[in-house]
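File shown: my_file26.txt (compact mmCIF, N, CA, C and O atoms).
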# COMPACT_ATOMS: atom_id res chain seq x y z
N MET O 1 2.18 8.96 -19.19
CA MET O 1 2.73 7.91 -18.37
C MET O 1 2.00 6.62 -18.69
O MET O 1 0.79 6.59 -18.84
N ALA O 2 2.73 5.54 -18.77
CA ALA O 2 2.15 4.23 -19.07
C ALA O 2 1.38 3.70 -17.87
O ALA O 2 1.70 4.00 -16.72
N ALA O 3 0.38 2.91 -18.16
CA ALA O 3 -0.40 2.27 -17.08
C ALA O 3 0.49 1.27 -16.36
O ALA O 3 1.41 0.69 -16.94
N PRO O 4 0.23 1.04 -15.07
CA PRO O 4 1.03 0.05 -14.34
C PRO O 4 0.84 -1.34 -14.92
O PRO O 4 -0.23 -1.66 -15.45
N ALA O 5 1.85 -2.15 -14.80
CA ALA O 5 1.78 -3.52 -15.28
C ALA O 5 0.85 -4.33 -14.37
O ALA O 5 0.67 -4.00 -13.20
N ASP O 6 0.27 -5.37 -14.94
CA ASP O 6 -0.49 -6.30 -14.12
C ASP O 6 0.50 -7.08 -13.28
O ASP O 6 1.56 -7.48 -13.76
N MET O 7 0.17 -7.30 -12.02
CA MET O 7 1.06 -8.02 -11.11
C MET O 7 0.63 -9.48 -11.05
O MET O 7 -0.55 -9.77 -10.87
N TYR O 8 1.59 -10.38 -11.20
CA TYR O 8 1.32 -11.80 -11.02
C TYR O 8 1.40 -12.11 -9.54
O TYR O 8 2.48 -12.13 -8.96
N ALA O 9 0.25 -12.27 -8.92
CA ALA O 9 0.17 -12.54 -7.49
C ALA O 9 -1.02 -13.48 -7.27
O ALA O 9 -2.07 -13.07 -6.79
N PRO O 10 -0.87 -14.76 -7.65
CA PRO O 10 -2.02 -15.67 -7.64
C PRO O 10 -2.63 -15.92 -6.27
O PRO O 10 -3.80 -16.28 -6.18
N TYR O 11 -1.90 -15.71 -5.20
CA TYR O 11 -2.43 -15.99 -3.86
C TYR O 11 -2.84 -14.72 -3.11
O TYR O 11 -3.31 -14.80 -1.99
N ALA O 12 -2.67 -13.57 -3.73
CA ALA O 12 -3.09 -12.31 -3.12
C ALA O 12 -4.39 -11.86 -3.77
O ALA O 12 -4.59 -12.02 -4.96
N ARG O 13 -5.27 -11.29 -2.95
CA ARG O 13 -6.52 -10.73 -3.50
C ARG O 13 -6.27 -9.36 -4.11
O ARG O 13 -6.95 -8.96 -5.06
N ALA O 14 -5.31 -8.63 -3.57
CA ALA O 14 -4.89 -7.34 -4.11
C ALA O 14 -3.42 -7.16 -3.77
O ALA O 14 -2.95 -7.68 -2.76
N ALA O 15 -2.69 -6.44 -4.63
CA ALA O 15 -1.27 -6.22 -4.40
C ALA O 15 -0.79 -5.06 -5.26
O ALA O 15 -1.39 -4.76 -6.30
N ALA O 16 0.29 -4.42 -4.82
CA ALA O 16 0.89 -3.35 -5.61
C ALA O 16 2.37 -3.25 -5.31
O ALA O 16 2.80 -3.44 -4.17
N LYS O 17 3.13 -2.94 -6.34
CA LYS O 17 4.55 -2.60 -6.22
C LYS O 17 4.62 -1.10 -6.50
O LYS O 17 4.18 -0.65 -7.57
N VAL O 18 5.14 -0.32 -5.53
CA VAL O 18 5.05 1.14 -5.58
C VAL O 18 6.44 1.76 -5.48
O VAL O 18 7.24 1.37 -4.63
N ALA O 19 6.71 2.75 -6.33
CA ALA O 19 7.97 3.50 -6.27
C ALA O 19 7.90 4.49 -5.11
O ALA O 19 6.83 4.82 -4.61
N ALA O 20 9.05 5.00 -4.69
CA ALA O 20 9.12 5.93 -3.57
C ALA O 20 8.26 7.17 -3.79
O ALA O 20 7.72 7.75 -2.85
N ASN O 21 8.11 7.59 -5.05
CA ASN O 21 7.32 8.78 -5.35
C ASN O 21 5.82 8.49 -5.47
O ASN O 21 5.04 9.36 -5.85
N GLY O 22 5.41 7.26 -5.16
CA GLY O 22 4.00 6.90 -5.18
C GLY O 22 3.49 6.35 -6.50
O GLY O 22 2.32 5.99 -6.61
N VAL O 23 4.36 6.26 -7.50
CA VAL O 23 3.95 5.70 -8.79
C VAL O 23 3.76 4.19 -8.66
O VAL O 23 4.63 3.50 -8.12
N VAL O 24 2.61 3.70 -9.14
CA VAL O 24 2.33 2.26 -9.10
C VAL O 24 3.05 1.62 -10.28
O VAL O 24 2.77 1.93 -11.43
N LEU O 25 3.98 0.70 -9.98
CA LEU O 25 4.74 0.02 -11.02
C LEU O 25 4.01 -1.22 -11.53
O LEU O 25 4.10 -1.56 -12.70
N ALA O 26 3.35 -1.92 -10.62
CA ALA O 26 2.57 -3.12 -10.97
C ALA O 26 1.45 -3.24 -9.95
O ALA O 26 1.60 -2.82 -8.81
N GLN O 27 0.32 -3.81 -10.39
CA GLN O 27 -0.81 -3.88 -9.48
C GLN O 27 -1.74 -5.05 -9.80
O GLN O 27 -1.75 -5.54 -10.93
N LYS O 28 -2.48 -5.43 -8.78
CA LYS O 28 -3.58 -6.39 -8.92
C LYS O 28 -4.69 -5.87 -8.00
O LYS O 28 -4.49 -5.76 -6.79
N ASN O 29 -5.80 -5.49 -8.57
CA ASN O 29 -6.96 -4.96 -7.83
C ASN O 29 -6.64 -3.73 -6.98
O ASN O 29 -7.19 -3.54 -5.91
N VAL O 30 -5.73 -2.89 -7.48
CA VAL O 30 -5.41 -1.62 -6.83
C VAL O 30 -5.67 -0.52 -7.86
O VAL O 30 -5.15 -0.57 -8.98
N SER O 31 -6.47 0.47 -7.48
CA SER O 31 -6.83 1.53 -8.43
C SER O 31 -5.87 2.71 -8.40
O SER O 31 -5.67 3.36 -9.43
N SER O 32 -5.28 3.00 -7.23
CA SER O 32 -4.37 4.14 -7.16
C SER O 32 -3.57 4.11 -5.87
O SER O 32 -3.92 3.42 -4.92
N VAL O 33 -2.49 4.90 -5.88
CA VAL O 33 -1.70 5.15 -4.67
C VAL O 33 -1.46 6.65 -4.63
O VAL O 33 -1.04 7.25 -5.63
N THR O 34 -1.76 7.27 -3.49
CA THR O 34 -1.53 8.69 -3.30
C THR O 34 -0.79 8.89 -1.98
O THR O 34 -0.75 7.98 -1.15
N TYR O 35 -0.24 10.08 -1.80
CA TYR O 35 0.36 10.40 -0.51
C TYR O 35 -0.74 10.64 0.50
O TYR O 35 -1.77 11.24 0.18
N GLY O 36 -0.53 10.18 1.73
CA GLY O 36 -1.47 10.44 2.80
C GLY O 36 -1.27 11.85 3.35
O GLY O 36 -0.44 12.60 2.86
N THR O 37 -2.04 12.18 4.37
CA THR O 37 -1.95 13.53 4.93
C THR O 37 -0.77 13.70 5.89
O THR O 37 -0.44 14.81 6.25
N ALA O 38 -0.15 12.60 6.31
CA ALA O 38 1.03 12.68 7.18
C ALA O 38 2.28 12.34 6.37
O ALA O 38 2.21 11.55 5.42
N ALA O 39 3.40 12.93 6.73
CA ALA O 39 4.66 12.65 6.04
C ALA O 39 4.97 11.16 6.11
O ALA O 39 4.71 10.51 7.13
N GLY O 40 5.50 10.62 5.03
CA GLY O 40 5.88 9.21 4.99
C GLY O 40 4.71 8.25 4.87
O GLY O 40 4.87 7.05 5.04
N SER O 41 3.51 8.78 4.58
CA SER O 41 2.35 7.89 4.47
C SER O 41 1.82 7.87 3.03
O SER O 41 1.90 8.86 2.30
N TYR O 42 1.30 6.71 2.66
CA TYR O 42 0.72 6.49 1.35
C TYR O 42 -0.67 5.88 1.54
O TYR O 42 -0.90 5.15 2.50
N CYS O 43 -1.57 6.16 0.60
CA CYS O 43 -2.91 5.57 0.61
C CYS O 43 -3.03 4.67 -0.62
O CYS O 43 -2.97 5.16 -1.75
N VAL O 44 -3.18 3.39 -0.38
CA VAL O 44 -3.29 2.41 -1.45
C VAL O 44 -4.77 2.05 -1.57
O VAL O 44 -5.32 1.42 -0.67
N LYS O 45 -5.41 2.45 -2.66
CA LYS O 45 -6.85 2.20 -2.84
C LYS O 45 -7.07 0.86 -3.53
O LYS O 45 -6.56 0.62 -4.63
N VAL O 46 -7.82 -0.01 -2.88
CA VAL O 46 -8.16 -1.32 -3.42
C VAL O 46 -9.42 -1.18 -4.26
O VAL O 46 -10.41 -0.58 -3.80
N SER O 47 -9.39 -1.70 -5.48
CA SER O 47 -10.50 -1.50 -6.41
C SER O 47 -11.58 -2.58 -6.35
O SER O 47 -12.68 -2.36 -6.84
N ASP O 48 -11.29 -3.73 -5.75
CA ASP O 48 -12.27 -4.81 -5.67
C ASP O 48 -13.17 -4.58 -4.45
O ASP O 48 -12.73 -4.71 -3.32
N SER O 49 -14.43 -4.26 -4.69
CA SER O 49 -15.35 -3.94 -3.59
C SER O 49 -15.70 -5.15 -2.73
O SER O 49 -16.26 -4.99 -1.64
N ASP O 50 -15.37 -6.35 -3.17
CA ASP O 50 -15.62 -7.55 -2.37
C ASP O 50 -14.56 -7.76 -1.29
O ASP O 50 -14.73 -8.60 -0.41
N ILE O 51 -13.47 -7.02 -1.34
CA ILE O 51 -12.40 -7.17 -0.35
C ILE O 51 -12.70 -6.26 0.84
O ILE O 51 -12.79 -5.04 0.69
N GLU O 52 -12.87 -6.86 2.01
CA GLU O 52 -13.09 -6.13 3.26
C GLU O 52 -11.73 -6.00 3.96
O GLU O 52 -11.28 -6.93 4.62
N LEU O 53 -11.08 -4.86 3.82
CA LEU O 53 -9.74 -4.69 4.37
C LEU O 53 -9.69 -4.85 5.88
O LEU O 53 -8.73 -5.39 6.41
N LYS O 54 -10.73 -4.43 6.58
CA LYS O 54 -10.71 -4.52 8.04
C LYS O 54 -10.66 -5.96 8.53
O LYS O 54 -10.23 -6.22 9.64
N ASP O 55 -11.03 -6.92 7.68
CA ASP O 55 -11.01 -8.33 8.05
C ASP O 55 -9.91 -9.12 7.33
O ASP O 55 -9.83 -10.33 7.49
N ALA O 56 -9.08 -8.44 6.55
CA ALA O 56 -8.07 -9.11 5.74
C ALA O 56 -6.69 -9.08 6.39
O ALA O 56 -6.42 -8.25 7.26
N ALA O 57 -5.84 -10.00 5.96
CA ALA O 57 -4.42 -9.94 6.32
C ALA O 57 -3.74 -9.02 5.31
O ALA O 57 -3.77 -9.27 4.11
N VAL O 58 -3.18 -7.92 5.81
CA VAL O 58 -2.51 -6.94 4.96
C VAL O 58 -1.04 -6.93 5.35
O VAL O 58 -0.70 -6.76 6.52
N VAL O 59 -0.17 -7.13 4.36
CA VAL O 59 1.27 -7.15 4.61
C VAL O 59 1.98 -6.17 3.67
O VAL O 59 1.51 -5.93 2.56
N ALA O 60 3.10 -5.63 4.13
CA ALA O 60 3.88 -4.71 3.31
C ALA O 60 5.35 -4.92 3.59
O ALA O 60 5.74 -5.28 4.71
N THR O 61 6.17 -4.72 2.57
CA THR O 61 7.62 -4.83 2.70
C THR O 61 8.29 -3.65 2.01
O THR O 61 7.78 -3.12 1.03
N ILE O 62 9.43 -3.26 2.54
CA ILE O 62 10.25 -2.21 1.94
C ILE O 62 11.06 -2.84 0.82
O ILE O 62 11.55 -3.96 0.95
N SER O 63 11.23 -2.10 -0.27
CA SER O 63 12.04 -2.58 -1.39
C SER O 63 13.34 -1.79 -1.45
O SER O 63 13.31 -0.56 -1.52
N ASN O 64 14.46 -2.48 -1.41
CA ASN O 64 15.78 -1.87 -1.62
C ASN O 64 16.14 -0.76 -0.64
O ASN O 64 16.87 0.14 -0.98
N ASN O 65 15.61 -0.79 0.55
CA ASN O 65 15.92 0.20 1.56
C ASN O 65 15.91 -0.47 2.92
O ASN O 65 15.36 -1.55 3.09
N ARG O 66 16.47 0.22 3.88
CA ARG O 66 16.41 -0.24 5.26
C ARG O 66 15.54 0.77 6.00
O ARG O 66 15.92 1.92 6.18
N ALA O 67 14.36 0.33 6.36
CA ALA O 67 13.41 1.22 7.01
C ALA O 67 12.35 0.37 7.71
O ALA O 67 12.37 -0.85 7.61
N MET O 68 11.45 1.04 8.40
CA MET O 68 10.33 0.36 9.04
C MET O 68 9.06 0.70 8.27
O MET O 68 8.90 1.83 7.80
N ILE O 69 8.18 -0.28 8.14
CA ILE O 69 6.94 -0.07 7.40
C ILE O 69 5.77 -0.64 8.20
O ILE O 69 5.90 -1.67 8.85
N THR O 70 4.66 0.07 8.13
CA THR O 70 3.43 -0.38 8.76
C THR O 70 2.32 -0.29 7.73
O THR O 70 2.22 0.71 7.01
N ALA O 71 1.49 -1.33 7.64
CA ALA O 71 0.33 -1.33 6.74
C ALA O 71 -0.92 -1.42 7.60
O ALA O 71 -1.07 -2.35 8.38
N ILE O 72 -1.80 -0.44 7.47
CA ILE O 72 -3.02 -0.35 8.28
C ILE O 72 -4.22 -0.62 7.38
O ILE O 72 -4.50 0.15 6.46
N GLY O 73 -4.91 -1.72 7.64
CA GLY O 73 -6.07 -2.10 6.82
C GLY O 73 -7.37 -1.47 7.29
O GLY O 73 -8.33 -1.41 6.53
N ASP O 74 -7.42 -1.00 8.52
CA ASP O 74 -8.62 -0.33 9.03
C ASP O 74 -8.67 1.10 8.49
O ASP O 74 -7.62 1.70 8.22
N PRO O 75 -9.86 1.68 8.37
CA PRO O 75 -9.94 3.08 7.94
C PRO O 75 -9.09 3.97 8.85
O PRO O 75 -9.12 3.82 10.07
N HIS O 76 -8.32 4.86 8.24
CA HIS O 76 -7.38 5.70 9.01
C HIS O 76 -7.51 7.15 8.56
O HIS O 76 -7.65 7.41 7.36
N PRO O 77 -7.43 8.10 9.48
CA PRO O 77 -7.57 9.52 9.12
C PRO O 77 -6.55 10.01 8.09
O PRO O 77 -6.84 10.93 7.32
N TRP O 78 -5.35 9.43 8.06
CA TRP O 78 -4.35 9.87 7.09
C TRP O 78 -4.76 9.56 5.66
O TRP O 78 -4.20 10.12 4.72
N CYS O 79 -5.73 8.66 5.48
CA CYS O 79 -6.28 8.35 4.15
C CYS O 79 -7.79 8.64 4.14
O CYS O 79 -8.58 7.88 3.58
N GLN O 80 -8.19 9.72 4.79
CA GLN O 80 -9.58 10.17 4.85
C GLN O 80 -10.53 9.09 5.37
O GLN O 80 -11.71 9.06 5.00
N SER O 81 -10.03 8.18 6.18
CA SER O 81 -10.83 7.10 6.78
C SER O 81 -11.58 6.27 5.73
O SER O 81 -12.65 5.73 6.01
N ALA O 82 -11.01 6.17 4.54
CA ALA O 82 -11.64 5.39 3.47
C ALA O 82 -11.59 3.90 3.79
O ALA O 82 -10.54 3.37 4.17
N ALA O 83 -12.71 3.23 3.64
CA ALA O 83 -12.79 1.80 3.94
C ALA O 83 -12.02 0.95 2.93
O ALA O 83 -11.61 -0.16 3.23
N ASN O 84 -11.79 1.49 1.73
CA ASN O 84 -11.09 0.73 0.68
C ASN O 84 -9.62 1.13 0.54
O ASN O 84 -8.99 0.82 -0.47
N ALA O 85 -9.06 1.80 1.55
CA ALA O 85 -7.67 2.26 1.46
C ALA O 85 -6.80 1.61 2.54
O ALA O 85 -7.20 1.52 3.70
N ILE O 86 -5.63 1.18 2.13
CA ILE O 86 -4.59 0.70 3.05
C ILE O 86 -3.67 1.89 3.31
O ILE O 86 -3.17 2.51 2.37
N THR O 87 -3.47 2.23 4.58
CA THR O 87 -2.54 3.30 4.94
C THR O 87 -1.18 2.66 5.17
O THR O 87 -1.03 1.79 6.02
N VAL O 88 -0.19 3.06 4.38
CA VAL O 88 1.18 2.54 4.50
C VAL O 88 2.03 3.68 5.06
O VAL O 88 2.03 4.78 4.52
N VAL O 89 2.74 3.40 6.16
CA VAL O 89 3.57 4.41 6.82
C VAL O 89 5.01 3.89 6.84
O VAL O 89 5.27 2.76 7.25
N ILE O 90 5.94 4.74 6.40
CA ILE O 90 7.35 4.37 6.34
C ILE O 90 8.18 5.35 7.16
O ILE O 90 8.02 6.57 7.02
N THR O 91 9.06 4.81 8.01
CA THR O 91 9.97 5.63 8.81
C THR O 91 11.38 5.04 8.76
O THR O 91 11.54 3.84 8.54
N ASP O 92 12.37 5.90 9.00
CA ASP O 92 13.74 5.40 9.09
C ASP O 92 13.97 4.83 10.49
O ASP O 92 13.06 4.83 11.33
N SER O 93 15.18 4.36 10.76
CA SER O 93 15.46 3.71 12.04
C SER O 93 15.35 4.66 13.24
O SER O 93 15.19 4.22 14.36
N ALA O 94 15.40 5.96 13.00
CA ALA O 94 15.25 6.94 14.07
C ALA O 94 13.79 7.37 14.25
O ALA O 94 13.48 8.16 15.12
N GLY O 95 12.90 6.85 13.40
CA GLY O 95 11.48 7.18 13.51
C GLY O 95 11.04 8.36 12.67
O GLY O 95 9.88 8.76 12.74
N ALA O 96 11.94 8.91 11.84
CA ALA O 96 11.57 10.03 10.98
C ALA O 96 10.87 9.52 9.72
O ALA O 96 11.28 8.51 9.13
N ALA O 97 9.82 10.21 9.32
CA ALA O 97 9.08 9.84 8.12
C ALA O 97 9.99 9.90 6.91
O ALA O 97 10.87 10.75 6.81
N MET O 98 9.78 8.96 5.99
CA MET O 98 10.57 8.95 4.76
C MET O 98 9.78 8.32 3.62
O MET O 98 8.81 7.59 3.86
N SER O 99 10.16 8.62 2.40
CA SER O 99 9.59 7.99 1.22
C SER O 99 10.52 6.87 0.80
O SER O 99 11.74 7.01 0.84
N ALA O 100 9.93 5.73 0.41
CA ALA O 100 10.73 4.58 -0.01
C ALA O 100 9.84 3.68 -0.85
O ALA O 100 8.61 3.65 -0.67
N PRO O 101 10.43 2.92 -1.78
CA PRO O 101 9.64 1.96 -2.56
C PRO O 101 9.17 0.81 -1.66
O PRO O 101 9.85 0.44 -0.72
N PHE O 102 7.97 0.28 -1.98
CA PHE O 102 7.43 -0.81 -1.17
C PHE O 102 6.50 -1.69 -2.00
O PHE O 102 6.09 -1.32 -3.09
N THR O 103 6.20 -2.83 -1.42
CA THR O 103 5.20 -3.74 -1.98
C THR O 103 4.18 -4.00 -0.88
O THR O 103 4.55 -4.16 0.29
N VAL O 104 2.91 -4.03 -1.24
CA VAL O 104 1.83 -4.28 -0.30
C VAL O 104 0.92 -5.36 -0.89
O VAL O 104 0.75 -5.40 -2.10
N ALA O 105 0.39 -6.22 -0.02
CA ALA O 105 -0.51 -7.28 -0.49
C ALA O 105 -1.64 -7.51 0.50
O ALA O 105 -1.46 -7.36 1.71
N VAL O 106 -2.79 -7.87 -0.04
CA VAL O 106 -3.95 -8.26 0.76
C VAL O 106 -4.15 -9.74 0.53
O VAL O 106 -4.36 -10.18 -0.61
N LEU O 107 -4.07 -10.52 1.61
CA LEU O 107 -4.20 -11.97 1.50
C LEU O 107 -5.60 -12.41 1.86
O LEU O 107 -6.35 -11.71 2.48
Let's see the structure in the file written out as structure tokens.
Amino acid sequence: MAAPADMYAPYARAAAKVAANGVVLAQKNVSSVTYGTAAGSYCVKVSDSDIELKDAAVVATISNNRAMITAIGDPHPWCQSAANAITVVITDSAGAAMSAPFTVAVL
């Protein structure tokens, strides 16, 4: 598998474009994306140790789908409470967990 493309995001400290299956399509200061321990959750690992996620503005958007998304910058059990991981949770309009492509950024 080819390495993810570098993401042009001059105003973001970290960012990733992620496929529904968790494959990173493009990234900036993101080392990996894995599934979290709960259905519909992803763990986005930020590789820049100077970024303090608990104090950062973290935003996420759904790509090409209609769903709800939440990005959690604080350590969360679904991502082993890692300080360098953003927990992304996606649900459909009824609240059921689902996989979907998304973009996440740390400002």
Axis-aligned box for range 39-57 of chain O, 8 Å per side, centre and edges in Å as JSON:
{"center_x": -5.2, "center_y": 1.3, "center_z": 1.4, "size_x": 38.1, "size_y": 39.3, "size_z": 32.5}
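Residue nearest Ile62 in chain O within the list O:Pro101, O:Pro4, O:Ala20, O:Arg13: O:Pro101 [criterion: smallest interatomic distance, only N, CA, C and O atoms].
In this comparison, which uses only N, CA, C and O atoms, the residue of O:Ala2, O:Ala38, O:Ala9, O:Ala100 approaching Pro77 in chain O most closely is O:Ala38.
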- Residues within 4.5 Å of (-7.9, 0.1, 1.1), file coords, only N, CA, C and O atoms, listed as an MDAnalysis selection string: chainID O and resid 44 46 83:86
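CA of Ala97 in chain O sits 16.1 Å away from atom N of Thr34 in chain O.
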- Identify all residues of chain O in strand (DSSP E or B) (DSSP on the backbone) and supply them as a ChimeraX atom specification. /O:5-6,14-18,24-28,30-35,41-46,58-62,68-72,85-91,97,102-106
- Minimum-distance residue to Asp48 in chain O, chosen among O:Ala5, O:Val33, O:Ile69, O:Ala15 (using only C-alpha atoms): O:Ala15
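If you look at CA of Met7 in chain O and CA of Ser32 in chain O, they are 13.9 Å away from each other.
Contact shell of Ala57 in chain O at 9 Å (only C-alpha atoms; same-chain neighbours under 3 positions omitted): Leu53, Lys54, Gly73, Ala105, Val106 and Leu107 of chain O.
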- Query: Quick one: residues within 4.5 Å of range 87-90 of chain O, all atoms listed in the file counted, chain neighbours fewer than 4 positions away excluded, as a list in words?
  - Reply: Gly40, Ser41, Tyr42, Met68, Ile69, Thr70, Ala71, Ile72, Ala96, Ala97 and Met98 of chain O
- Item | Nearest residue to Thr103 in chain O from the set O:Ala67, O:Ala56, O:Val24, O:Ala16 (distances using only N, CA, C and O atoms) | O:Ala16
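Those residues that approach Ala3 in chain O to within 8 Å, counting all atoms listed in the file, are Val24, Leu25, Ala26 and Gln27 of chain O; same-chain residues fewer than 4 positions away are not listed.
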Take the residues from that selection and write them out as a tab-separated table (two decimals), in the frame of the given file, keeping N, CA, C and O atoms.
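Heads up, here's the output in part_16.tsv:
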chain	number	residue	atom	x	y	z
O	24	VAL	N	2.61	3.70	-9.14
O	24	VAL	CA	2.33	2.26	-9.10
O	24	VAL	C	3.05	1.62	-10.28
O	24	VAL	O	2.77	1.93	-11.43
O	25	LEU	N	3.98	0.70	-9.98
O	25	LEU	CA	4.74	0.02	-11.02
O	25	LEU	C	4.01	-1.22	-11.53
O	25	LEU	O	4.10	-1.56	-12.70
O	26	ALA	N	3.35	-1.92	-10.62
O	26	ALA	CA	2.57	-3.12	-10.97
O	26	ALA	C	1.45	-3.24	-9.95
O	26	ALA	O	1.60	-2.82	-8.81
O	27	GLN	N	0.32	-3.81	-10.39
O	27	GLN	CA	-0.81	-3.88	-9.48
O	27	GLN	C	-1.74	-5.05	-9.80
O	27	GLN	O	-1.75	-5.54	-10.93
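The smallest atom-to-atom distance between Gly95 in chain O and any of O:Ala39, O:Ser49, O:Pro75, O:Tyr11, using only C-alpha atoms, is found for O:Ala39.
In terms of minimum interatomic distance to Ala14 in chain O, O:Val104 ranks closest within O:Tyr35, O:Val104, O:Ser63, O:Asp55, counting all atoms listed in the file.
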- Item | Straight-line distance linking CA of Asn65 in chain O with CA of Lys17 in chain O, stated in Å to one decimal | 14.1 Å
What would range 92-99 of chain O look like with all heavy atoms restored, written as a short mmCIF file (atom, residue, chain, number, x, y, z; two decimals), in the coordinates of the input?
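Resulting contents of part.cif:
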data_model
loop_
_atom_site.label_atom_id
_atom_site.label_comp_id
_atom_site.auth_asym_id
_atom_site.auth_seq_id
_atom_site.Cartn_x
_atom_site.Cartn_y
_atom_site.Cartn_z
N ASP O 92 12.37 5.90 9.00
CA ASP O 92 13.74 5.40 9.09
C ASP O 92 13.97 4.83 10.49
O ASP O 92 13.06 4.83 11.33
CB ASP O 92 14.76 6.48 8.72
CG ASP O 92 14.77 7.67 9.66
OD1 ASP O 92 14.24 7.57 10.80
OD2 ASP O 92 15.32 8.71 9.28
N SER O 93 15.18 4.36 10.76
CA SER O 93 15.46 3.71 12.04
C SER O 93 15.35 4.66 13.24
O SER O 93 15.19 4.22 14.36
CB SER O 93 16.84 3.05 12.01
OG SER O 93 17.82 4.04 11.78
N ALA O 94 15.40 5.96 13.00
CA ALA O 94 15.25 6.94 14.07
C ALA O 94 13.79 7.37 14.25
O ALA O 94 13.48 8.16 15.12
CB ALA O 94 16.11 8.17 13.79
N GLY O 95 12.90 6.85 13.40
CA GLY O 95 11.48 7.18 13.51
C GLY O 95 11.04 8.36 12.67
O GLY O 95 9.88 8.76 12.74
N ALA O 96 11.94 8.91 11.84
CA ALA O 96 11.57 10.03 10.98
C ALA O 96 10.87 9.52 9.72
O ALA O 96 11.28 8.51 9.13
CB ALA O 96 12.82 10.82 10.59
N ALA O 97 9.82 10.21 9.32
CA ALA O 97 9.08 9.84 8.12
C ALA O 97 9.99 9.90 6.91
O ALA O 97 10.87 10.75 6.81
CB ALA O 97 7.90 10.77 7.94
N MET O 98 9.78 8.96 5.99
CA MET O 98 10.57 8.95 4.76
C MET O 98 9.78 8.32 3.62
O MET O 98 8.81 7.59 3.86
CB MET O 98 11.88 8.18 4.95
CG MET O 98 11.71 6.69 5.23
SD MET O 98 13.27 5.80 5.41
CE MET O 98 13.76 5.56 3.71
N SER O 99 10.16 8.62 2.40
CA SER O 99 9.59 7.99 1.22
C SER O 99 10.52 6.87 0.80
O SER O 99 11.74 7.01 0.84
CB SER O 99 9.47 9.00 0.07
OG SER O 99 8.59 10.03 0.42
#
